[in-house]
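One file, protein-v3.cif, carrying mmCIF, C-alpha atoms:
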data_work
#
loop_
_atom_site.label_atom_id
_atom_site.label_comp_id
_atom_site.auth_asym_id
_atom_site.auth_seq_id
_atom_site.Cartn_x
_atom_site.Cartn_y
_atom_site.Cartn_z
CA MET A 1 -24.27 31.42 18.07
CA GLY A 2 -22.19 32.72 20.96
CA THR A 3 -18.94 31.36 22.26
CA GLU A 4 -20.79 29.39 24.93
CA TRP A 5 -23.00 27.60 22.44
CA PRO A 6 -24.31 25.02 22.77
CA ASP A 7 -25.70 25.16 26.27
CA GLY A 8 -27.92 22.45 27.64
CA GLY A 9 -31.06 23.98 26.18
CA ALA A 10 -29.76 24.40 22.66
CA ARG A 11 -31.47 22.39 19.96
CA PRO A 12 -28.81 21.48 17.40
CA ALA A 13 -29.96 20.52 13.90
CA ARG A 14 -28.04 18.95 11.04
CA ARG A 15 -27.66 21.42 8.20
CA ASP A 16 -28.96 20.36 4.80
CA GLY A 17 -26.47 19.47 2.09
CA ALA A 18 -24.53 16.66 3.67
CA ALA A 19 -24.31 13.15 2.29
CA THR A 20 -23.55 10.37 4.72
CA VAL A 21 -22.25 6.88 4.12
CA PRO A 22 -22.13 4.23 6.85
CA LEU A 23 -18.75 2.49 7.01
CA ASP A 24 -18.26 -0.21 9.59
CA ASP A 25 -19.28 1.59 12.81
CA ASN A 26 -18.27 4.97 11.42
CA VAL A 27 -19.98 7.45 9.13
CA ALA A 28 -18.32 9.28 6.26
CA LEU A 29 -19.89 12.66 5.78
CA TYR A 30 -19.51 14.87 2.74
CA ASP A 31 -20.62 18.48 3.04
CA GLU A 32 -21.69 19.92 -0.31
CA VAL A 33 -21.54 23.50 0.91
CA GLY A 34 -18.13 23.45 2.50
CA GLN A 35 -16.79 20.77 0.15
CA LEU A 36 -15.54 18.93 3.18
CA MET A 37 -15.31 15.22 3.81
CA ILE A 38 -14.89 13.92 7.34
CA LEU A 39 -15.13 10.64 9.18
CA LEU A 40 -17.36 10.48 12.22
CA ASN A 41 -16.36 7.79 14.69
CA PRO A 42 -19.19 5.81 16.29
CA SER A 43 -19.67 8.28 19.15
CA ALA A 44 -19.71 11.32 16.88
CA ALA A 45 -21.97 9.51 14.43
CA ALA A 46 -24.46 8.82 17.22
CA VAL A 47 -24.47 12.49 18.22
CA TRP A 48 -24.88 13.57 14.60
CA GLU A 49 -27.86 11.26 14.19
CA LEU A 50 -29.59 12.77 17.24
CA CYS A 51 -29.11 16.37 16.06
CA ASP A 52 -32.55 16.56 14.52
CA GLY A 53 -33.55 19.97 15.79
CA THR A 54 -36.13 18.62 18.27
CA ARG A 55 -33.86 17.46 21.09
CA THR A 56 -31.97 19.72 23.43
CA LEU A 57 -28.31 19.10 24.06
CA ASP A 58 -29.16 17.75 27.51
CA GLU A 59 -31.70 15.37 25.99
CA ILE A 60 -29.11 14.10 23.52
CA GLY A 61 -26.68 13.45 26.34
CA HIS A 62 -29.36 11.67 28.39
CA ALA A 63 -30.34 9.50 25.43
CA LEU A 64 -26.79 8.37 24.82
CA ALA A 65 -26.09 7.79 28.50
CA GLU A 66 -29.22 5.64 28.77
CA ALA A 67 -28.28 3.69 25.63
CA HIS A 68 -24.91 2.88 27.21
CA GLY A 69 -26.26 2.13 30.67
CA ALA A 70 -24.02 4.86 32.05
CA THR A 71 -23.59 5.71 35.73
CA ASP A 72 -24.20 9.28 36.83
CA ALA A 73 -20.49 9.98 36.65
CA ASP A 74 -20.24 8.52 33.18
CA ALA A 75 -23.35 10.38 32.10
CA ALA A 76 -21.65 13.63 33.02
CA VAL A 77 -18.65 12.70 30.89
CA ILE A 78 -20.96 11.75 28.03
CA GLY A 79 -22.70 15.08 28.37
CA ASP A 80 -19.40 16.94 28.08
CA ASP A 81 -18.41 14.86 25.04
CA VAL A 82 -21.72 15.59 23.37
CA ARG A 83 -21.27 19.31 23.92
CA LEU A 84 -17.74 19.24 22.50
CA THR A 85 -18.84 17.20 19.51
CA VAL A 86 -21.76 19.45 18.68
CA HIS A 87 -19.53 22.51 19.09
CA LYS A 88 -17.01 20.99 16.69
CA LEU A 89 -19.70 20.11 14.16
CA ALA A 90 -20.98 23.67 14.39
CA ASP A 91 -17.46 25.01 13.79
CA LEU A 92 -17.42 22.95 10.61
CA GLY A 93 -20.76 24.39 9.59
CA LEU A 94 -22.51 21.06 9.76
CA VAL A 95 -24.85 21.79 12.67
CA VAL A 96 -26.91 24.89 13.42
CA GLU A 97 -29.28 26.04 16.11
CA ALA A 98 -32.78 24.92 15.22
CA GLY A 99 -35.33 27.67 14.81
CA PRO A 100 -38.10 28.22 17.35
CA MET B 1 6.77 24.79 -42.59
CA PRO B 2 4.86 21.96 -44.26
CA SER B 3 1.28 21.48 -43.23
CA ALA B 4 -0.14 18.12 -42.27
CA ARG B 5 -3.67 19.22 -43.03
CA GLU B 6 -3.82 16.82 -45.94
CA GLY B 7 -1.30 14.58 -44.18
CA ALA B 8 0.18 11.35 -45.53
CA HIS B 9 -1.37 9.35 -42.73
CA ARG B 10 -4.49 9.60 -40.63
CA THR B 11 -5.54 7.35 -37.79
CA PRO B 12 -9.08 6.05 -37.53
CA SER B 13 -11.35 7.83 -35.07
CA LEU B 14 -10.05 7.37 -31.53
CA ARG B 15 -11.69 7.86 -28.15
CA GLY B 16 -10.48 8.27 -24.59
CA LEU B 17 -13.67 8.07 -22.48
CA SER B 18 -15.74 10.99 -23.84
CA TYR B 19 -12.82 12.63 -25.66
CA ARG B 20 -12.95 11.96 -29.41
CA PHE B 21 -9.87 12.64 -31.48
CA ALA B 22 -7.69 11.49 -34.33
CA VAL B 23 -4.08 11.98 -35.39
CA ARG B 24 -2.62 12.90 -38.74
CA THR B 25 0.98 13.12 -39.79
CA ASP B 26 3.03 13.77 -42.87
CA ASP B 27 5.35 10.89 -42.02
CA GLU B 28 4.04 7.46 -42.95
CA ARG B 29 6.37 5.63 -40.55
CA LEU B 30 5.38 7.91 -37.69
CA GLY B 31 1.77 7.29 -38.66
CA HIS B 32 2.18 3.54 -38.28
CA LEU B 33 3.78 4.06 -34.86
CA VAL B 34 0.82 6.19 -33.77
CA ASP B 35 -1.60 3.56 -35.09
CA ALA B 36 0.08 0.87 -33.05
CA VAL B 37 0.49 2.84 -29.82
CA LEU B 38 -3.09 4.15 -29.83
CA ALA B 39 -4.73 1.00 -31.21
CA GLY B 40 -6.51 0.35 -27.93
CA LEU B 41 -8.43 3.61 -28.26
CA ARG B 42 -9.99 2.88 -31.65
CA ASP B 43 -13.56 4.04 -31.58
CA THR B 44 -15.14 1.02 -33.23
CA GLY B 45 -18.88 1.14 -33.77
CA ASP B 46 -19.33 4.77 -32.83
CA THR B 47 -20.11 7.17 -35.66
CA ALA B 48 -19.80 10.38 -33.67
CA PRO B 49 -17.49 12.87 -35.40
CA VAL B 50 -13.90 13.46 -34.44
CA GLU B 51 -13.80 16.54 -32.22
CA HIS B 52 -10.05 17.15 -32.01
CA TRP B 53 -7.16 16.63 -34.40
CA TYR B 54 -3.55 16.17 -33.47
CA SER B 55 -1.05 16.89 -36.23
CA LEU B 56 2.48 15.55 -36.09
CA THR B 57 4.66 17.29 -38.63
CA SER B 58 8.28 16.81 -39.47
CA SER B 59 9.90 20.13 -38.71
CA ASP B 60 12.48 21.98 -40.76
CA ARG B 61 14.92 21.07 -38.02
CA ALA B 62 16.15 17.56 -38.70
CA GLY B 63 14.56 14.87 -36.61
CA THR B 64 12.19 17.10 -34.69
CA VAL B 65 8.44 16.76 -34.78
CA ASP B 66 5.98 19.60 -34.31
CA VAL B 67 2.85 18.68 -32.42
CA ARG B 68 -0.37 20.58 -32.99
CA ARG B 69 -3.78 20.17 -31.53
CA ASP B 70 -6.59 21.63 -33.60
CA ASP B 71 -3.97 23.60 -35.57
CA GLU B 72 -2.52 25.21 -32.45
CA GLU B 73 1.16 24.45 -31.98
CA ILE B 74 1.59 22.92 -28.57
CA ALA B 75 4.94 21.15 -28.54
CA ARG B 76 8.08 20.35 -30.47
CA ARG B 77 9.89 17.17 -29.71
CA GLN B 78 13.33 15.94 -30.65
CA ARG B 79 12.27 12.38 -31.39
CA PRO B 80 9.16 10.86 -32.97
CA GLY B 81 8.60 8.64 -29.94
CA ASP B 82 8.62 11.69 -27.68
CA ALA B 83 6.02 13.37 -29.88
CA VAL B 84 3.79 10.31 -29.59
CA GLY B 85 4.33 10.31 -25.83
CA TRP B 86 3.28 13.92 -25.69
CA VAL B 87 0.04 13.07 -27.53
CA VAL B 88 -0.65 10.26 -25.04
CA TRP B 89 -0.13 12.70 -22.15
CA ASP B 90 -2.44 15.29 -23.71
CA VAL B 91 -5.11 12.70 -24.43
CA ASN B 92 -4.95 11.63 -20.76
CA ARG B 93 -5.43 15.19 -19.60
CA SER B 94 -8.22 15.83 -22.06
CA ALA B 95 -10.03 12.60 -21.28
CA ALA B 96 -10.02 13.54 -17.60
CA GLU B 97 -11.45 16.98 -18.36
CA ALA B 98 -14.19 15.48 -20.54
CA SER B 99 -15.20 12.88 -17.96
CA GLY B 100 -18.90 13.70 -17.89
CA ASP B 101 -20.72 11.53 -15.39
CA HIS B 102 -17.79 9.24 -14.68
CA LEU B 103 -16.08 9.25 -11.32
CA LEU B 104 -12.38 9.13 -12.14
CA PHE B 105 -9.60 7.63 -10.06
CA HIS B 106 -5.84 7.63 -10.18
CA ALA B 107 -6.10 3.90 -10.62
CA GLY B 108 -5.56 1.00 -12.88
CA ALA B 109 -8.43 -1.29 -13.67
CA LEU B 110 -8.83 -4.78 -15.07
CA GLU B 111 -11.57 -7.23 -15.89
CA ALA B 112 -11.67 -10.94 -15.18
CA GLY B 113 -14.67 -13.04 -16.06
CA GLY B 114 -16.95 -10.03 -16.07
CA THR B 115 -15.75 -8.68 -12.72
CA GLY B 116 -13.70 -5.56 -12.31
CA VAL B 117 -10.56 -5.05 -10.26
CA LEU B 118 -9.78 -1.46 -9.30
CA VAL B 119 -6.17 -0.64 -8.42
CA PRO B 120 -5.99 2.86 -6.90
CA GLY B 121 -2.73 4.50 -6.02
CA ALA B 122 -0.55 7.55 -6.42
CA SER B 123 2.36 7.74 -8.79
CA GLY B 124 5.06 5.38 -7.58
CA SER B 125 2.69 3.05 -5.78
CA GLY B 126 3.21 0.32 -8.35
CA LYS B 127 -0.26 0.35 -9.84
CA SER B 128 0.81 0.53 -13.50
CA THR B 129 3.39 -2.19 -12.97
CA LEU B 130 0.85 -4.41 -11.25
CA VAL B 131 -1.67 -3.78 -14.03
CA ALA B 132 0.92 -4.66 -16.67
CA GLY B 133 1.81 -7.85 -14.84
CA LEU B 134 -1.82 -8.86 -14.46
CA VAL B 135 -2.52 -8.15 -18.13
CA ARG B 136 0.48 -10.33 -18.95
CA ALA B 137 -1.14 -13.00 -16.77
CA GLY B 138 -4.31 -12.84 -18.89
CA LEU B 139 -6.64 -10.39 -17.17
CA GLY B 140 -8.49 -7.98 -19.44
CA TYR B 141 -7.01 -4.48 -19.56
CA LEU B 142 -9.22 -1.48 -18.82
CA THR B 143 -6.62 1.14 -17.96
CA ASP B 144 -3.39 1.72 -16.08
CA GLU B 145 -3.69 5.31 -14.83
CA LEU B 146 -7.19 6.80 -15.10
CA ALA B 147 -10.03 4.50 -14.10
CA ALA B 148 -13.56 5.59 -14.97
CA TYR B 149 -16.54 4.49 -12.91
CA ASP B 150 -19.96 5.05 -14.43
CA MET B 151 -21.89 5.99 -11.29
CA ALA B 152 -25.31 5.72 -12.90
CA HIS B 153 -24.78 2.11 -13.96
CA GLY B 154 -22.20 0.96 -11.43
CA MET B 155 -19.68 -0.08 -14.06
CA LEU B 156 -15.99 0.35 -14.72
CA VAL B 157 -15.57 1.41 -18.32
CA PRO B 158 -12.47 0.85 -20.46
CA TYR B 159 -9.96 3.56 -21.17
CA PRO B 160 -7.36 1.34 -22.84
CA LYS B 161 -4.57 3.84 -23.39
CA PRO B 162 -1.15 2.32 -23.96
CA ILE B 163 0.36 0.98 -20.75
CA THR B 164 3.00 3.41 -19.51
CA VAL B 165 6.00 1.66 -17.96
CA LYS B 166 8.57 3.68 -16.02
CA PRO B 167 12.27 2.87 -15.65
CA GLY B 168 11.84 1.36 -12.19
CA SER B 169 9.71 -1.40 -13.70
CA PHE B 170 11.76 -2.17 -16.80
CA ALA B 171 13.44 -5.20 -15.28
CA ALA B 172 10.21 -6.76 -14.03
CA LEU B 173 8.51 -6.23 -17.40
CA ALA B 174 11.51 -6.74 -19.69
CA ASP B 175 9.51 -8.76 -22.19
CA MET B 176 7.42 -5.64 -22.93
CA ASP B 177 10.38 -3.50 -23.97
CA PRO B 178 9.33 -1.94 -27.29
CA ALA B 179 12.92 -2.12 -28.52
CA ARG B 180 13.46 -5.76 -27.64
CA PRO B 181 13.65 -8.04 -30.67
CA GLY B 182 11.03 -10.74 -30.44
CA GLY B 183 9.55 -9.25 -27.31
CA THR B 184 5.86 -8.72 -26.75
CA GLY B 185 6.34 -4.98 -26.73
CA SER B 186 7.15 -4.57 -30.40
CA GLY B 187 4.93 -1.96 -31.96
CA GLY B 188 5.14 0.17 -28.85
CA ALA B 189 7.41 3.12 -28.29
CA TRP B 190 10.03 4.59 -26.06
CA THR B 191 8.77 8.04 -25.12
CA GLY B 192 11.39 9.97 -23.23
CA GLU B 193 12.33 7.70 -20.34
CA GLU B 194 9.15 5.58 -20.49
CA TRP B 195 7.66 2.80 -22.56
CA GLN B 196 4.24 3.05 -24.14
CA VAL B 197 3.15 -0.58 -24.42
CA THR B 198 0.50 -1.41 -26.97
CA VAL B 199 -2.75 -3.19 -26.13
CA GLY B 200 -5.51 -4.82 -28.10
CA GLU B 201 -5.75 -7.15 -31.03
CA GLY B 202 -2.52 -8.84 -31.98
CA THR B 203 -0.57 -7.74 -28.90
CA GLY B 204 -1.46 -10.56 -26.55
CA ARG B 205 -2.83 -7.98 -24.11
CA LEU B 206 -6.59 -8.19 -24.23
CA ILE B 207 -8.86 -5.23 -23.67
CA GLY B 208 -11.52 -5.91 -21.06
CA ARG B 209 -15.21 -5.20 -21.22
CA PRO B 210 -17.23 -2.78 -19.07
CA CYS B 211 -17.93 -4.56 -15.82
CA GLU B 212 -19.12 -4.22 -12.26
CA PRO B 213 -16.21 -3.83 -9.86
CA GLY B 214 -15.77 -6.67 -7.43
CA PHE B 215 -12.31 -5.99 -6.02
CA VAL B 216 -10.24 -3.06 -4.89
CA VAL B 217 -6.51 -3.70 -4.50
CA VAL B 218 -4.44 -0.83 -3.12
CA PRO B 219 -0.78 -1.47 -3.99
CA ARG B 220 2.25 -0.18 -2.17
CA TYR B 221 5.63 -0.95 -3.65
CA ASP B 222 8.03 -1.82 -0.84
CA PRO B 223 11.19 -3.65 -1.90
CA GLY B 224 11.83 -4.77 1.67
CA ALA B 225 8.37 -6.14 2.35
CA GLU B 226 6.95 -9.59 1.96
CA THR B 227 4.46 -9.52 -0.89
CA ALA B 228 1.12 -10.02 0.76
CA LEU B 229 -2.56 -9.09 0.63
CA THR B 230 -4.24 -7.65 3.72
CA ARG B 231 -7.97 -7.19 3.96
CA LEU B 232 -9.15 -3.59 4.32
CA SER B 233 -12.14 -2.44 6.33
CA ASP B 234 -14.89 -0.53 4.57
CA THR B 235 -13.57 2.65 6.18
CA GLU B 236 -10.01 2.05 4.99
CA ALA B 237 -11.18 1.18 1.49
CA PHE B 238 -13.42 4.24 1.30
CA PHE B 239 -10.61 6.63 2.09
CA ALA B 240 -8.13 4.81 -0.13
CA LEU B 241 -10.54 5.45 -2.98
CA ALA B 242 -11.41 8.99 -1.88
CA VAL B 243 -7.80 10.19 -1.80
CA ASN B 244 -7.32 8.82 -5.31
CA ALA B 245 -10.54 10.27 -6.74
CA VAL B 246 -9.72 12.86 -9.37
CA ASN B 247 -13.08 14.63 -9.67
CA LEU B 248 -14.72 14.05 -6.30
CA LEU B 249 -15.67 17.67 -5.63
CA PRO B 250 -17.68 18.33 -8.81
CA HIS B 251 -19.78 15.25 -8.13
CA GLY B 252 -20.05 15.80 -4.40
CA SER B 253 -22.74 13.74 -2.72
CA THR B 254 -23.24 11.46 -5.72
CA ALA B 255 -19.56 10.56 -5.69
CA THR B 256 -19.56 10.08 -1.92
CA GLU B 257 -22.37 7.58 -2.19
CA ALA B 258 -20.61 5.85 -5.08
CA LEU B 259 -17.46 5.53 -2.98
CA GLY B 260 -19.54 3.97 -0.23
CA ARG B 261 -21.00 1.43 -2.63
CA LEU B 262 -17.54 0.53 -3.88
CA ALA B 263 -16.05 0.23 -0.41
CA ALA B 264 -18.88 -1.88 0.94
CA GLY B 265 -19.67 -3.86 -2.20
CA CYS B 266 -16.17 -4.88 -3.24
CA ARG B 267 -13.64 -7.09 -1.56
CA CYS B 268 -10.89 -4.60 -0.69
CA TYR B 269 -7.25 -5.31 0.04
CA ALA B 270 -3.96 -3.59 0.61
CA LEU B 271 -1.11 -5.18 -1.36
CA ALA B 272 2.43 -4.84 -0.07
CA MET B 273 4.48 -5.55 -3.16
CA SER B 274 8.13 -6.36 -3.61
CA ASP B 275 7.89 -9.21 -6.13
CA LEU B 276 5.70 -8.59 -9.15
CA ASP B 277 5.19 -12.23 -10.09
CA GLU B 278 4.08 -13.09 -6.55
CA ALA B 279 1.79 -10.06 -6.45
CA CYS B 280 0.15 -11.09 -9.70
CA ARG B 281 -0.22 -14.65 -8.47
CA LEU B 282 -1.96 -13.46 -5.32
CA VAL B 283 -4.35 -11.08 -7.09
CA ALA B 284 -5.15 -13.41 -9.95
CA GLY B 285 -5.72 -16.19 -7.44
CA LEU B 286 -8.04 -14.01 -5.41
CA VAL B 287 -10.14 -13.17 -8.44
CA ALA B 288 -10.15 -16.75 -9.69
CA GLU B 289 -11.15 -18.10 -6.30
CA ALA B 290 -14.05 -15.70 -6.06
CA GLY B 291 -15.13 -16.57 -9.56
CA ALA B 292 -15.02 -20.28 -8.83
CA ALA B 293 -16.90 -19.88 -5.56
CA ALA B 294 -19.74 -17.69 -6.75
CA PRO B 295 -22.67 -19.15 -8.68
CA GLY B 296 -22.69 -17.66 -12.15
CA GLY B 297 -19.07 -16.61 -11.89
CA GLY B 298 -19.60 -13.32 -10.06
CA ALA B 299 -17.32 -11.93 -7.38
CA ARG B 300 -19.46 -9.61 -5.35
CA GLY B 301 -19.58 -8.99 -1.63
CA HIS B 302 -17.30 -9.99 1.21
#

Rewrite the structure from the file as structure tokens, please.
Amino acid sequence: MGTEWPDGGARPARRDGAATVPLDDNVALYDEVGQLMILLNPSAAAVWELCDGTRTLDEIGHALAEAHGATDADAAVIGDDVRLTVHKLADLGLVVEAGP
Amino acid sequence: MPSAREGAHRTPSLRGLSYRFAVRTDDERLGHLVDAVLAGLRDTGDTAPVEHWYSLTSSDRAGTVDVRRDDEEIARRQRPGDAVGWVVWDVNRSAAEASGDHLLFHAGALEAGGTGVLVPGASGSGKSTLVAGLVRAGLGYLTDELAAYDMAHGMLVPYPKPITVKPGSFAALADMDPARPGGTGSGGAWTGEEWQVTVGEGTGRLIGRPCEPGFVVVPRYDPGAETALTRLSDTEAFFALAVNAVNLLPHGSTATEALGRLAAGCRCYALAMSDLDEACRLVAGLVAEAGAAAPGGGARGH
């Protein structure tokens, strides 16, 4: 994955080997491979859930914007947040580019 | 140097979680002290063989005691009580290493009416003091330092080592002083700067039964604070348990899911603690109230 990943057409997928536990509106995630435990806040947890390898980054952003009834301006902000979140999850080794 | 191989005194078979051991000594009086201090760990009803032997031998140097484990010399202590304390420390370490399928916590644990109370916290948090106070108040004792959660069956299991009391808690637990005439701590031992307080039959400190946990109480000793319980969210409880889990990494996902069940399935509280008696009153009252409110005496859920 290049430094610009993910772009709008990327299809992020959760990597196998992570256990998740819902806690209030958050999700605790334990990564078996990296032996890492993190807490996903509600926004990050929603992004994580949509990283199923079938949706593009743009489609994830659109889905969340629609779920929140966002204006166009807000939708753009949501899109940026989604990209940053997926990038961070990829840095942690939790998300990868789905295969063709 | 005399050998204790055919020693004057041998304890019955003892067990700390999955760690099976016994102690022999060439000093009958030291043997009785060991019997009393480790009485809570007697392996009644289990015929599995002893796997490790501790030998406490009076050294050529007056007053000192050599400590061996499986015939390997591991320590020499100036006083018999210190030698016993060293055995308690080594049993703790060994029990943690032999934990098997248990998820272990730096935590005390108690049982009340078939429901478990887990008390996680780092050294200095007040967990052992709180456990001692609650045992004094009549709750069943499971452990004061190393709580074992059987993940497969969802149960806290007893590891009733002697209760270790540090100098900061001597005043609050003065009746448990092993050296106090007529106190409840007779039969225990001073080990270095600490007390090892006996548990089990005849001590007035009952050993609890394996039980499902219903409460998590996270203590924080703060002499300037009002003693009070504050409800924790599932998220807060989860991470309070996670940071006090001893063997989280080896159990990985299984342990993570177990932590989630504990956080969501127990009533979880932070306890700011300055007054031990008030803290015990609050926790005992919480458990009693839940027991009275629930049909069948359980204390599950929020």

Evaluate the PyMOL selection byres ((chain B and resi 112) around 12) on the structure here and hand back the selected residues as a short mmCIF file (atom, residue, chain, number, x, y, z; two decimals) with C-alpha atoms, in the coordinates of the input.
data_model
loop_
_atom_site.label_atom_id
_atom_site.label_comp_id
_atom_site.auth_asym_id
_atom_site.auth_seq_id
_atom_site.Cartn_x
_atom_site.Cartn_y
_atom_site.Cartn_z
CA ALA B 109 -8.43 -1.29 -13.67
CA LEU B 110 -8.83 -4.78 -15.07
CA GLU B 111 -11.57 -7.23 -15.89
CA GLY B 113 -14.67 -13.04 -16.06
CA GLY B 114 -16.95 -10.03 -16.07
CA THR B 115 -15.75 -8.68 -12.72
CA GLY B 116 -13.70 -5.56 -12.31
CA VAL B 117 -10.56 -5.05 -10.26
CA LEU B 118 -9.78 -1.46 -9.30
CA LEU B 134 -1.82 -8.86 -14.46
CA VAL B 135 -2.52 -8.15 -18.13
CA ALA B 137 -1.14 -13.00 -16.77
CA GLY B 138 -4.31 -12.84 -18.89
CA LEU B 139 -6.64 -10.39 -17.17
CA GLY B 140 -8.49 -7.98 -19.44
CA TYR B 141 -7.01 -4.48 -19.56
CA LEU B 142 -9.22 -1.48 -18.82
CA LEU B 206 -6.59 -8.19 -24.23
CA ILE B 207 -8.86 -5.23 -23.67
CA GLY B 208 -11.52 -5.91 -21.06
CA ARG B 209 -15.21 -5.20 -21.22
CA PRO B 210 -17.23 -2.78 -19.07
CA CYS B 211 -17.93 -4.56 -15.82
CA GLU B 212 -19.12 -4.22 -12.26
CA PRO B 213 -16.21 -3.83 -9.86
CA GLY B 214 -15.77 -6.67 -7.43
CA PHE B 215 -12.31 -5.99 -6.02
CA VAL B 283 -4.35 -11.08 -7.09
CA ALA B 284 -5.15 -13.41 -9.95
CA GLY B 285 -5.72 -16.19 -7.44
CA LEU B 286 -8.04 -14.01 -5.41
CA VAL B 287 -10.14 -13.17 -8.44
CA ALA B 288 -10.15 -16.75 -9.69
CA GLU B 289 -11.15 -18.10 -6.30
CA ALA B 290 -14.05 -15.70 -6.06
CA GLY B 291 -15.13 -16.57 -9.56
CA ALA B 292 -15.02 -20.28 -8.83
CA GLY B 297 -19.07 -16.61 -11.89
CA GLY B 298 -19.60 -13.32 -10.06
CA ALA B 299 -17.32 -11.93 -7.38
#

Chain A contacts to chain B at 6 Å (only C-alpha atoms) as a list in words: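 Residues of chain A within 6 Å of chain B, counting only C-alpha atoms: Ala19, Val21 and Leu23 of chain A.
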
Each side padded by 6 Å, which centre and which edge lengths in Å (one decimal) define the axis-aligned box around the listed atoms of range 37-49 of chain A? Give them as lines of an AutoDock Vina configuration file.
center_x = -21.4
center_y = 10.5
center_z = 11.5
size_x = 25.0
size_y = 21.4
size_z = 27.3

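When only C-alpha atoms are used to compute distances to Leu39 in chain A, the closest of the residues A:Val27, A:Ala13, A:Val96, A:Ala90 turns out to be A:Val27.
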
Å distance separating CA of Val246 in chain B from CA of His106 in chain B, one decimal place: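 Taking CA of Val246 in chain B and CA of His106 in chain B, their separation equals 6.6 Å.
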